[in-house]
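K.L.:
If it helps, the file is called protein.txt and holds compact mmCIF, C-alpha atoms and all ligand atoms:
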```txt
# COMPACT_ATOMS: atom_id res chain seq x y z
CA MET U 1 0.00 0.00 0.00
CA LYS U 2 1.42 3.40 -0.98
CA ASP U 3 1.44 6.37 1.45
CA ILE U 4 -1.77 8.34 0.82
CA LEU U 5 0.03 11.60 1.59
CA THR U 6 1.98 11.04 -1.65
CA ALA U 7 -1.19 10.64 -3.76
CA PRO U 8 -1.59 13.28 -6.51
CA PHE U 9 -5.12 14.09 -5.33
CA MET U 10 -3.81 14.75 -1.81
CA GLY U 11 -1.13 17.09 -3.13
CA GLU U 12 -3.74 18.99 -5.12
CA MET U 13 -6.02 19.37 -2.10
CA ILE U 14 -3.20 20.52 0.16
CA ARG U 15 -1.88 23.01 -2.39
CA HIS U 16 -5.32 24.53 -2.98
CA THR U 17 -6.36 24.85 0.67
CA THR U 18 -2.99 26.37 1.54
CA ASN U 19 -3.07 28.80 -1.37
CA MET U 20 -6.67 29.82 -0.74
CA TYR U 21 -5.92 30.52 2.92
CA ARG U 22 -2.97 32.72 1.95
CA LEU U 23 -5.12 34.58 -0.58
CA GLY U 24 -7.53 35.43 2.24
CA TYR U 25 -10.37 33.46 0.66
CA ASP U 26 -10.81 31.20 3.71
CA GLU U 27 -10.59 32.88 7.09
CA ARG U 28 -10.82 30.70 10.21
CA ASN U 29 -12.91 27.64 9.22
CA GLY U 30 -14.36 29.35 6.16
CA GLY U 31 -14.70 27.44 2.94
CA ASN U 32 -14.87 23.80 1.97
CA ILE U 33 -13.83 21.61 -0.95
CA SER U 34 -14.90 18.18 -2.14
CA LEU U 35 -13.00 16.22 -4.78
CA MET U 36 -14.62 13.15 -6.30
CA LEU U 37 -12.28 10.21 -6.86
CA ASP U 38 -12.48 6.90 -8.66
CA GLU U 39 -11.93 3.64 -6.83
CA SER U 40 -8.89 3.11 -9.05
CA GLU U 41 -7.31 6.35 -7.79
CA VAL U 42 -7.91 5.48 -4.15
CA ALA U 43 -7.16 1.72 -4.14
CA PRO U 44 -3.33 2.00 -4.32
CA TYR U 45 -3.38 4.02 -1.09
CA LEU U 46 -6.17 2.53 1.05
CA ASP U 47 -7.81 -0.80 1.85
CA THR U 48 -11.23 0.21 0.57
CA ALA U 49 -12.86 -2.63 2.58
CA ASN U 50 -11.66 -1.06 5.84
CA VAL U 51 -14.39 1.39 6.95
CA LEU U 52 -13.18 3.31 10.03
CA ARG U 53 -16.64 4.58 10.95
CA THR U 54 -19.84 5.79 9.32
CA ILE U 55 -21.31 9.31 9.36
CA PRO U 56 -24.83 10.32 8.21
CA THR U 57 -24.79 12.33 4.97
CA GLY U 58 -27.88 14.32 5.96
CA PHE U 59 -29.88 13.49 2.83
CA ASP U 60 -30.40 10.73 0.28
CA ALA U 61 -27.33 10.74 -1.96
CA ALA U 62 -27.98 7.24 -3.35
CA VAL U 63 -27.12 8.32 -6.92
CA LEU U 64 -23.56 8.84 -5.64
CA ALA U 65 -23.39 5.39 -3.97
CA GLY U 66 -19.91 3.93 -4.31
CA LYS U 67 -18.32 7.29 -5.16
CA TYR U 68 -15.30 8.44 -3.19
CA PHE U 69 -14.75 12.03 -2.02
CA LEU U 70 -11.83 13.78 -0.37
CA VAL U 71 -13.55 16.48 1.73
CA THR U 72 -12.42 19.25 4.10
CA GLY U 73 -13.52 18.81 7.72
CA THR U 74 -16.18 20.72 9.62
CA GLY U 75 -14.77 23.45 11.84
CA LYS U 76 -11.32 22.90 10.36
CA TYR U 77 -9.06 25.68 9.11
CA PHE U 78 -7.67 25.64 5.55
CA LYS U 79 -4.38 26.97 6.96
CA ASN U 80 -3.93 23.77 8.98
CA VAL U 81 -4.52 21.23 6.19
CA GLU U 82 -0.87 21.38 5.13
CA VAL U 83 0.50 20.58 8.61
CA ASP U 84 -2.05 17.90 9.50
CA PRO U 85 -3.99 16.57 6.51
CA GLU U 86 -5.24 13.49 8.37
CA THR U 87 -7.11 15.58 10.96
CA ASN U 88 -8.37 18.33 8.64
CA LEU U 89 -9.44 16.18 5.69
CA GLY U 90 -11.38 12.97 5.29
CA LEU U 91 -11.85 10.45 2.52
CA ILE U 92 -15.37 9.06 2.40
CA ARG U 93 -17.39 6.71 0.22
CA ILE U 94 -21.15 7.05 -0.14
CA ALA U 95 -22.78 3.80 1.04
CA PRO U 96 -25.44 2.04 -1.07
CA ASP U 97 -28.22 3.47 1.14
CA GLY U 98 -27.16 7.02 0.17
CA VAL U 99 -27.68 8.35 3.70
CA THR U 100 -24.42 6.99 5.10
CA ALA U 101 -20.88 8.09 4.40
CA GLU U 102 -18.19 5.51 5.09
CA LEU U 103 -15.01 7.07 6.43
CA LEU U 104 -11.93 5.37 4.99
CA TRP U 105 -9.25 7.84 6.08
CA GLY U 106 -8.92 11.14 7.98
CA TYR U 107 -10.96 13.17 10.50
CA LYS U 108 -8.47 11.61 12.92
CA ASP U 109 -9.71 13.59 15.93
CA GLY U 110 -13.22 12.12 15.60
CA GLY U 111 -14.35 14.98 13.36
CA SER U 112 -16.62 15.00 10.38
CA PHE U 113 -16.96 16.48 6.90
CA THR U 114 -17.96 20.08 6.23
CA SER U 115 -21.41 21.19 7.33
CA GLU U 116 -21.92 22.09 3.66
CA LEU U 117 -21.70 18.46 2.53
CA PRO U 118 -25.37 18.42 1.39
CA ALA U 119 -24.69 21.47 -0.83
CA HIS U 120 -21.57 19.75 -2.16
CA LEU U 121 -23.14 16.36 -2.87
CA MET U 122 -26.28 17.91 -4.37
CA SER U 123 -24.05 20.11 -6.54
CA HIS U 124 -21.98 17.10 -7.62
CA ILE U 125 -25.20 15.33 -8.64
CA ALA U 126 -26.40 18.41 -10.56
CA ARG U 127 -23.05 18.96 -12.32
CA LEU U 128 -22.66 15.28 -13.23
CA SER U 129 -26.07 15.46 -14.91
CA VAL U 130 -24.77 18.13 -17.29
CA ASP U 131 -21.03 17.26 -17.28
CA PRO U 132 -20.14 13.62 -16.49
CA GLU U 133 -16.50 14.69 -16.01
CA ASN U 134 -17.13 17.15 -13.18
CA ARG U 135 -15.17 16.22 -10.05
CA VAL U 136 -14.73 19.31 -7.88
CA ILE U 137 -17.02 21.52 -5.80
CA MET U 138 -15.25 24.43 -4.10
CA HIS U 139 -16.66 27.03 -1.71
CA CYS U 140 -14.89 30.06 -0.23
CA HIS U 141 -15.32 33.66 0.94
CA PRO U 142 -13.22 35.95 -1.28
CA ASP U 143 -13.38 39.60 -0.18
CA TYR U 144 -14.34 41.54 -3.30
CA THR U 145 -16.96 39.05 -4.45
CA LEU U 146 -18.48 39.15 -1.00
CA ALA U 147 -18.38 42.96 -0.93
CA MET U 148 -20.01 43.16 -4.36
CA THR U 149 -22.93 41.00 -3.22
CA GLY U 150 -23.65 43.64 -0.59
CA VAL U 151 -23.78 46.64 -2.92
CA HIS U 152 -24.82 45.33 -6.35
CA GLU U 153 -28.25 44.41 -7.68
CA MET U 154 -28.29 40.64 -7.17
CA THR U 155 -29.89 39.31 -10.32
CA GLU U 156 -27.95 36.89 -12.48
CA ARG U 157 -28.18 39.15 -15.50
CA ALA U 158 -27.06 42.30 -13.68
CA VAL U 159 -24.18 40.65 -11.79
CA THR U 160 -22.97 38.75 -14.83
CA ARG U 161 -23.02 41.87 -17.01
CA THR U 162 -21.03 43.84 -14.46
CA LEU U 163 -18.44 41.06 -14.07
CA TRP U 164 -18.12 40.70 -17.87
CA GLN U 165 -17.67 44.46 -18.25
CA GLN U 166 -14.80 44.69 -15.75
CA MET U 167 -12.14 42.91 -17.76
CA THR U 168 -11.69 41.15 -21.07
CA GLU U 169 -11.09 37.69 -19.61
CA SER U 170 -14.41 37.44 -17.76
CA ILE U 171 -16.71 36.42 -20.61
CA VAL U 172 -14.03 34.09 -21.96
CA VAL U 173 -13.74 32.26 -18.62
CA PHE U 174 -17.43 32.15 -17.67
CA PRO U 175 -19.49 32.72 -20.84
CA GLU U 176 -22.54 31.08 -19.24
CA GLY U 177 -22.58 33.81 -16.57
CA VAL U 178 -22.90 33.39 -12.82
CA GLY U 179 -25.77 32.04 -10.76
CA VAL U 180 -27.00 34.08 -7.81
CA LEU U 181 -28.77 33.13 -4.59
CA PRO U 182 -30.28 35.60 -2.13
CA TRP U 183 -29.03 35.51 1.45
CA MET U 184 -29.96 32.15 3.00
CA VAL U 185 -29.07 30.19 6.12
CA CYS U 186 -26.03 28.07 5.29
CA GLY U 187 -25.38 24.41 6.13
CA THR U 188 -28.96 23.43 5.29
CA ASN U 189 -30.47 21.14 2.68
CA ALA U 190 -32.48 24.15 1.41
CA ILE U 191 -29.36 26.12 0.39
CA GLY U 192 -27.91 22.88 -0.96
CA GLU U 193 -30.92 22.30 -3.17
CA ALA U 194 -30.97 25.92 -4.37
CA THR U 195 -27.23 25.81 -5.17
CA ALA U 196 -27.52 22.51 -7.01
CA GLU U 197 -30.42 23.84 -9.09
CA LYS U 198 -28.21 26.78 -10.20
CA MET U 199 -25.29 24.43 -10.86
CA LYS U 200 -27.25 22.81 -13.70
CA GLN U 201 -26.79 26.10 -15.60
CA TYR U 202 -23.74 27.74 -14.07
CA ARG U 203 -20.32 26.65 -12.84
CA ILE U 204 -20.27 29.60 -10.45
CA VAL U 205 -22.94 30.42 -7.87
CA LEU U 206 -22.78 33.49 -5.62
CA TRP U 207 -24.25 33.29 -2.14
CA THR U 208 -25.26 36.84 -1.19
CA LEU U 209 -23.21 38.14 1.77
CA HIS U 210 -21.60 34.74 2.21
CA GLY U 211 -19.36 33.65 -0.63
CA ILE U 212 -19.01 31.71 -3.82
CA TYR U 213 -19.39 28.16 -5.12
CA GLY U 214 -17.35 26.96 -8.04
CA CYS U 215 -17.05 23.61 -9.75
CA GLY U 216 -14.97 21.94 -12.38
CA ARG U 217 -13.41 18.86 -13.85
CA THR U 218 -10.19 19.69 -12.00
CA MET U 219 -9.17 21.73 -8.98
CA ASP U 220 -7.52 24.17 -11.38
CA GLU U 221 -10.78 24.72 -13.27
CA ALA U 222 -12.87 25.30 -10.12
CA PHE U 223 -10.24 27.56 -8.55
CA GLY U 224 -9.59 29.37 -11.83
CA LEU U 225 -13.27 30.25 -12.16
CA ILE U 226 -13.39 31.55 -8.60
CA GLU U 227 -10.22 33.63 -8.87
CA THR U 228 -11.39 35.15 -12.16
CA VAL U 229 -14.76 36.16 -10.68
CA GLU U 230 -12.94 37.54 -7.64
CA LYS U 231 -10.59 39.56 -9.85
CA ALA U 232 -13.51 41.03 -11.80
CA ALA U 233 -15.37 41.81 -8.55
CA LYS U 234 -12.21 43.50 -7.28
CA GLN U 235 -12.05 45.67 -10.37
CA TYR U 236 -15.65 46.66 -9.77
CA MET U 237 -15.17 47.44 -6.09
CA ILE U 238 -12.04 49.55 -6.63
CA LYS U 239 -13.37 51.64 -9.51
CA ALA U 240 -17.20 51.62 -9.54
CA HIS U 241 -17.32 54.92 -7.61
CA LEU U 242 -15.00 56.67 -10.10
CA PRO U 243 -15.95 58.14 -13.51
CA GLN U 244 -15.81 55.30 -16.07
CA VAL U 245 -13.74 56.70 -18.92
CA ASN U 246 -13.10 53.51 -20.88
CA VAL U 247 -15.61 50.69 -20.93
CA ILE U 248 -16.17 47.29 -22.57
CA THR U 249 -19.42 47.60 -24.53
CA ASP U 250 -21.91 44.87 -25.41
CA ALA U 251 -20.59 45.01 -28.98
CA ASP U 252 -17.08 44.38 -27.61
CA LEU U 253 -18.36 41.43 -25.58
CA LEU U 254 -20.06 40.04 -28.68
CA ALA U 255 -16.79 40.37 -30.61
CA LEU U 256 -15.05 38.37 -27.88
CA THR U 257 -17.66 35.61 -28.09
CA GLU U 258 -17.05 35.44 -31.85
CA ARG U 259 -13.27 35.46 -31.58
CA PHE U 260 -13.26 32.70 -28.92
CA ASN U 261 -16.29 30.84 -30.27
CA LEU U 262 -18.08 31.04 -26.91
CA ASN U 263 -21.40 29.47 -26.06
CA TYR U 264 -22.47 32.51 -24.03
CA ARG U 265 -25.67 33.60 -22.33
CA LYS U 266 -27.14 35.59 -25.23
CA ASP U 267 -29.98 37.21 -23.29
CA PHE U 268 -27.43 38.75 -20.92
CA LEU U 269 -26.20 41.11 -23.67
CA ASP U 270 -28.15 44.12 -24.99
CA LEU U 271 -27.63 43.89 -28.72
O1 LIG G 1 -17.25 25.64 6.28
O2 LIG G 1 -17.78 28.29 4.81
O3 LIG G 1 -20.36 27.93 4.61
C1 LIG G 1 -17.50 26.93 6.68
C2 LIG G 1 -18.30 27.63 5.67
C3 LIG G 1 -19.75 27.43 5.73
ZN ZN G 2 -19.03 29.56 3.72
```
Is it possible to give me this structure as structure tokens?
P.N.:
Amino acid sequence: MKDILTAPFMGEMIRHTTNMYRLGYDERNGGNISLMLDESEVAPYLDTANVLRTIPTGFDAAVLAGKYFLVTGTGKYFKNVEVDPETNLGLIRIAPDGVTAELLWGYKDGGSFTSELPAHLMSHIARLSVDPENRVIMHCHPDYTLAMTGVHEMTERAVTRTLWQQMTESIVVFPEGVGVLPWMVCGTNAIGEATAEKMKQYRIVLWTLHGIYGCGRTMDEAFGLIETVEKAAKQYMIKAHLPQVNVITDADLLALTERFNLNYRKDFLDL
């Protein structure tokens, strides 16, 4: 059996949690990540028949039965993942009943997965229905995105347009736009269901005055979406109160969609 701390998926998780903490996206225990893994990726590192304990998933995730997930722990700090992955992360498999998670590694101090696991698993289910290769759900609290949700009209069209207008890269990176939820209580199945519903259309969902959800086929894709939205939100927050001398017009955005052959949200442009 190989040392699980040398697994590529472990390295990716540690690098991302560490980086996101240093970027200020994940204060204290803020944020959570789940990475879906195949049995073939896990088997060289773990005896998959050895279930350490079981933890209720909080809802019926039977469609994910047999799937493996590396997930950040509840109450755990991203900054500590690097020094003690086995306490701050856990590797679970969804049991056939869908309401039980089988812990195969991690949460060494008796801990559990993130309180947002329902939102993660529901989002995985939603993404897999539109992209069978999706593997990552990532949640964090980046400053400028959060600030923007407090001062901007929170409709998907209005927020997406503003983010697209801030910098050339935006529409190229998220041509489908961003999903938006009003303020809601977090850690509940209700916010999980609402997020998952948005994830059928969008790879990014903003939670008003809370944070952002991103997804992707890889950690790089999910993180890249989030950091691009955050950069655009930063541009907005540092210059929205100043006279706008040079702007990206809807005709410019259209030209970008043509140049990069983007399948973009057409009703979000005024043409
Ligand atoms: O895990 O970010 O939304 C802490 C949170 C809850
Ligand atoms: Zn959060």
K.L.:
Return the single residue from U:Lys67, U:His120, U:Arg93, U:His241 that is closest to ligand LIG 1 (chain G), with distances computed using all atoms listed in the file.
P.N.:
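Closest candidate: U:His120.
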K.L.:
If you measure from atom CA of U:Arg265 to atom CA of U:Ile137, what distance in Å do you get, rounded to one decimal?
P.N.:
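We find that atom CA of U:Arg265 and atom CA of U:Ile137 lie 22.2 Å from each other.
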K.L.:
Considering all atoms listed in the file, can you say which of U:Ile92, U:Leu117, U:Ala147, U:Ala255 comes closest to U:Thr74?
P.N.:
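Of the candidates, the smallest distance to U:Thr74 is held by U:Leu117.
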K.L.:
Distance atom CA of U:Asn32-atom CA of U:Tyr45, one decimal place?
P.N.:
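These atoms are spaced 23.1 Å apart.
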K.L.:
Identify, counting all atoms listed in the file, the protein, DNA and RNA residues located within 10 Å of ligand LIG 1 (chain G), and give them as a PyMOL selection string.
P.N.:
chain U and resi 25-33+72-78+113-117+119+139-141+185-188+207+210-213
K.L.:
Rank U:Glu230, U:Asp252, U:Met184, U:Leu269 by their smallest atom-to-atom distance to ligand ZN 2 (chain G), using all atoms listed in the file, and report the top residue only.
P.N.:
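Answer, going by the shortest atom-to-atom distance: U:Met184.
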K.L.:
Between U:Thr195, U:Ser129, U:Ser112, U:Thr228, which has the minimum distance to U:Pro56 (counting all atoms listed in the file)?
P.N.:
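Checking each of U:Thr195, U:Ser129, U:Ser112, U:Thr228 against U:Pro56, counting all atoms listed in the file, the winner is U:Ser112.
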K.L.:
Could you check how far atom CA of U:Leu64 sits from atom CA of U:Gly192, in Å to one decimal?
P.N.:
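About the pair atom CA of U:Leu64 and atom CA of U:Gly192: they are 15.4 Å apart.
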K.L.:
Calculate, to one decimal in Å, the centre and edge lengths of the box along x, y and z of the file that holds all listed atoms of stretch 162-168 of chain U with 8 Å of margin on each side, and present them as lines of an AutoDock Vina configuration file.
P.N.:
```
center_x = -16.4
center_y = 42.7
center_z = -17.6
size_x = 25.3
size_y = 20.0
size_z = 23.0
```
K.L.:
Find the residue from U:Ala7, U:Leu254, U:Val63, U:Leu70 that sits nearest to U:Val172; use only C-alpha atoms when measuring.
P.N.:
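Residue with the minimum atom-to-atom distance to U:Val172: U:Leu254.
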K.L.:
Give as a ChimeraX atom specification the set of residues within 7 Å of the point (-4.7, 26.7, 7.4), where distances use the file's coordinates and all atoms listed in the file.
P.N.:
/U:18,21,77-82
K.L.:
Would you please work out which residue, of U:Ala251, U:Val245, U:Thr257, U:Met138, is nearest to ligand ZN 2 (chain G) when using all atoms listed in the file?
P.N.:
U:Met138
K.L.:
Tell me, as a list in words, which residues lie within 8 Å of stretch 12-16 of chain U, counting only C-alpha atoms; anything in the same chain fewer than 3 positions away does not count.
P.N.:
Pro8, Phe9, Asn19, Met20, Val81, Glu82, Pro85 and Met219 of chain U
K.L.:
Residues near U:Ile94, anyone? I mean within 10 Å using only C-alpha atoms, not counting same-chain ones fewer than 4 positions away, as JSON, numbers by chain.
P.N.:
{"U": [54, 55, 56, 57, 60, 61, 62, 63, 64, 65, 66, 67, 68, 69, 98, 99, 100, 101, 102, 103, 121]}
K.L.:
When you look at stretch 154-157 of chain U with a cut-off of 6 Å (counting all atoms listed in the file), what residues show up, excluding the ones that are within fewer than 4 positions of it in the same chain? I need them as a PDB file with C-alpha atoms, keeping the file's coordinate frame.
P.N.:
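The resulting file, selection-v6.pdb, is reproduced below:
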```
ATOM      1  CA  GLY U 179     -25.770  32.040 -10.760  1.00  0.00           C
ATOM      2  CA  VAL U 180     -27.000  34.080  -7.810  1.00  0.00           C
ATOM      3  CA  PHE U 268     -27.430  38.750 -20.920  1.00  0.00           C
TER       4      PHE U 268
END
```
K.L.:
Would you mind listing what lies within 12 Å of U:Asp3 as a PyMOL selection string, with only C-alpha atoms counted and same-chain residues fewer than 3 positions away left out?
P.N.:
chain U and resi 6-8+10-11+42-47+86+105
K.L.:
Contacts of U:Gly177 at 12 Å or less, counting all atoms listed in the file, minus same-chain residues fewer than 5 places along, as number ranges by chain?
P.N.:
U: 155-165, 170-172, 198-199, 201-206, 225, 229, 262-269
K.L.:
Working from the structure I just supplied, which lacks atoms in stretch 77-88 of chain U, can you model all heavy atoms there and output them as a PDB file, keeping the file's coordinate frame?
P.N.:
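And here is the file that came out, result.pdb:
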```pdb
ATOM      1  N   TYR U  77      -9.613  24.497   9.752  1.00  0.00           N
ATOM      2  CA  TYR U  77      -9.060  25.680   9.110  1.00  0.00           C
ATOM      3  C   TYR U  77      -8.230  25.272   7.877  1.00  0.00           C
ATOM      4  O   TYR U  77      -7.361  24.398   7.998  1.00  0.00           O
ATOM      5  CB  TYR U  77      -8.139  26.426  10.082  1.00  0.00           C
ATOM      6  CG  TYR U  77      -8.809  27.038  11.296  1.00  0.00           C
ATOM      7  CD1 TYR U  77     -10.064  26.628  11.749  1.00  0.00           C
ATOM      8  CD2 TYR U  77      -8.155  28.045  12.003  1.00  0.00           C
ATOM      9  CE1 TYR U  77     -10.640  27.201  12.866  1.00  0.00           C
ATOM     10  CE2 TYR U  77      -8.726  28.627  13.125  1.00  0.00           C
ATOM     11  CZ  TYR U  77      -9.972  28.204  13.557  1.00  0.00           C
ATOM     12  OH  TYR U  77     -10.537  28.774  14.668  1.00  0.00           O
ATOM     13  N   PHE U  78      -8.466  25.937   6.755  1.00  0.00           N
ATOM     14  CA  PHE U  78      -7.670  25.640   5.550  1.00  0.00           C
ATOM     15  C   PHE U  78      -6.168  25.771   5.840  1.00  0.00           C
ATOM     16  O   PHE U  78      -5.356  25.042   5.305  1.00  0.00           O
ATOM     17  CB  PHE U  78      -8.057  26.576   4.396  1.00  0.00           C
ATOM     18  CG  PHE U  78      -9.214  26.093   3.554  1.00  0.00           C
ATOM     19  CD1 PHE U  78     -10.180  25.227   4.057  1.00  0.00           C
ATOM     20  CD2 PHE U  78      -9.348  26.517   2.231  1.00  0.00           C
ATOM     21  CE1 PHE U  78     -11.258  24.790   3.277  1.00  0.00           C
ATOM     22  CE2 PHE U  78     -10.408  26.090   1.434  1.00  0.00           C
ATOM     23  CZ  PHE U  78     -11.359  25.232   1.958  1.00  0.00           C
ATOM     24  N   LYS U  79      -5.811  26.732   6.703  1.00  0.00           N
ATOM     25  CA  LYS U  79      -4.380  26.970   6.960  1.00  0.00           C
ATOM     26  C   LYS U  79      -3.708  25.777   7.627  1.00  0.00           C
ATOM     27  O   LYS U  79      -2.492  25.653   7.583  1.00  0.00           O
ATOM     28  CB  LYS U  79      -4.177  28.240   7.787  1.00  0.00           C
ATOM     29  CG  LYS U  79      -4.496  28.112   9.266  1.00  0.00           C
ATOM     30  CD  LYS U  79      -4.290  29.456   9.971  1.00  0.00           C
ATOM     31  CE  LYS U  79      -4.652  29.374  11.452  1.00  0.00           C
ATOM     32  NZ  LYS U  79      -3.759  28.500  12.223  1.00  0.00           N
ATOM     33  N   ASN U  80      -4.505  24.906   8.253  1.00  0.00           N
ATOM     34  CA  ASN U  80      -3.930  23.770   8.980  1.00  0.00           C
ATOM     35  C   ASN U  80      -3.883  22.470   8.171  1.00  0.00           C
ATOM     36  O   ASN U  80      -3.315  21.484   8.640  1.00  0.00           O
ATOM     37  CB  ASN U  80      -4.718  23.511  10.270  1.00  0.00           C
ATOM     38  CG  ASN U  80      -4.609  24.681  11.240  1.00  0.00           C
ATOM     39  OD1 ASN U  80      -3.652  25.458  11.166  1.00  0.00           O
ATOM     40  ND2 ASN U  80      -5.577  24.820  12.121  1.00  0.00           N
ATOM     41  N   VAL U  81      -4.477  22.474   6.987  1.00  0.00           N
ATOM     42  CA  VAL U  81      -4.520  21.230   6.190  1.00  0.00           C
ATOM     43  C   VAL U  81      -3.107  20.753   5.886  1.00  0.00           C
ATOM     44  O   VAL U  81      -2.783  19.569   6.003  1.00  0.00           O
ATOM     45  CB  VAL U  81      -5.335  21.448   4.895  1.00  0.00           C
ATOM     46  CG1 VAL U  81      -5.214  20.245   3.971  1.00  0.00           C
ATOM     47  CG2 VAL U  81      -6.804  21.717   5.231  1.00  0.00           C
ATOM     48  N   GLU U  82      -2.244  21.709   5.532  1.00  0.00           N
ATOM     49  CA  GLU U  82      -0.870  21.380   5.130  1.00  0.00           C
ATOM     50  C   GLU U  82      -0.108  20.685   6.269  1.00  0.00           C
ATOM     51  O   GLU U  82       0.612  19.716   6.028  1.00  0.00           O
ATOM     52  CB  GLU U  82      -0.196  22.706   4.762  1.00  0.00           C
ATOM     53  CG  GLU U  82       1.183  22.602   4.229  1.00  0.00           C
ATOM     54  CD  GLU U  82       1.733  24.000   3.878  1.00  0.00           C
ATOM     55  OE1 GLU U  82       1.369  24.989   4.536  1.00  0.00           O
ATOM     56  OE2 GLU U  82       2.532  24.066   2.936  1.00  0.00           O
ATOM     57  N   VAL U  83      -0.283  21.162   7.502  1.00  0.00           N
ATOM     58  CA  VAL U  83       0.500  20.580   8.610  1.00  0.00           C
ATOM     59  C   VAL U  83      -0.112  19.296   9.142  1.00  0.00           C
ATOM     60  O   VAL U  83       0.591  18.463   9.696  1.00  0.00           O
ATOM     61  CB  VAL U  83       0.713  21.572   9.784  1.00  0.00           C
ATOM     62  CG1 VAL U  83       1.681  22.664   9.399  1.00  0.00           C
ATOM     63  CG2 VAL U  83      -0.602  22.154  10.275  1.00  0.00           C
ATOM     64  N   ASP U  84      -1.417  19.111   8.980  1.00  0.00           N
ATOM     65  CA  ASP U  84      -2.050  17.900   9.500  1.00  0.00           C
ATOM     66  C   ASP U  84      -3.227  17.464   8.622  1.00  0.00           C
ATOM     67  O   ASP U  84      -4.394  17.568   9.002  1.00  0.00           O
ATOM     68  CB  ASP U  84      -2.521  18.151  10.954  1.00  0.00           C
ATOM     69  CG  ASP U  84      -2.994  16.877  11.628  1.00  0.00           C
ATOM     70  OD1 ASP U  84      -2.988  15.808  10.973  1.00  0.00           O
ATOM     71  OD2 ASP U  84      -3.393  16.950  12.800  1.00  0.00           O
ATOM     72  N   PRO U  85      -2.907  16.954   7.429  1.00  0.00           N
ATOM     73  CA  PRO U  85      -3.990  16.570   6.510  1.00  0.00           C
ATOM     74  C   PRO U  85      -4.928  15.524   7.116  1.00  0.00           C
ATOM     75  O   PRO U  85      -6.138  15.568   6.891  1.00  0.00           O
ATOM     76  CB  PRO U  85      -3.258  16.015   5.284  1.00  0.00           C
ATOM     77  CG  PRO U  85      -1.818  16.252   5.478  1.00  0.00           C
ATOM     78  CD  PRO U  85      -1.568  16.762   6.862  1.00  0.00           C
ATOM     79  N   GLU U  86      -4.405  14.604   7.905  1.00  0.00           N
ATOM     80  CA  GLU U  86      -5.240  13.490   8.370  1.00  0.00           C
ATOM     81  C   GLU U  86      -6.283  13.916   9.404  1.00  0.00           C
ATOM     82  O   GLU U  86      -7.262  13.198   9.623  1.00  0.00           O
ATOM     83  CB  GLU U  86      -4.350  12.359   8.938  1.00  0.00           C
ATOM     84  CG  GLU U  86      -5.103  11.056   9.021  1.00  0.00           C
ATOM     85  CD  GLU U  86      -4.243   9.863   9.420  1.00  0.00           C
ATOM     86  OE1 GLU U  86      -3.010  10.001   9.499  1.00  0.00           O
ATOM     87  OE2 GLU U  86      -4.834   8.790   9.649  1.00  0.00           O
ATOM     88  N   THR U  87      -6.081  15.073  10.046  1.00  0.00           N
ATOM     89  CA  THR U  87      -7.110  15.580  10.960  1.00  0.00           C
ATOM     90  C   THR U  87      -8.076  16.507  10.224  1.00  0.00           C
ATOM     91  O   THR U  87      -9.280  16.515  10.502  1.00  0.00           O
ATOM     92  CB  THR U  87      -6.448  16.343  12.130  1.00  0.00           C
ATOM     93  OG1 THR U  87      -5.619  15.434  12.841  1.00  0.00           O
ATOM     94  CG2 THR U  87      -7.482  16.942  13.059  1.00  0.00           C
ATOM     95  N   ASN U  88      -7.571  17.268   9.270  1.00  0.00           N
ATOM     96  CA  ASN U  88      -8.370  18.330   8.640  1.00  0.00           C
ATOM     97  C   ASN U  88      -9.107  17.900   7.383  1.00  0.00           C
ATOM     98  O   ASN U  88      -9.975  18.628   6.898  1.00  0.00           O
ATOM     99  CB  ASN U  88      -7.462  19.529   8.359  1.00  0.00           C
ATOM    100  CG  ASN U  88      -6.961  20.151   9.648  1.00  0.00           C
ATOM    101  OD1 ASN U  88      -7.733  20.776  10.360  1.00  0.00           O
ATOM    102  ND2 ASN U  88      -5.692  19.939   9.978  1.00  0.00           N
TER     103      ASN U  88
END
```
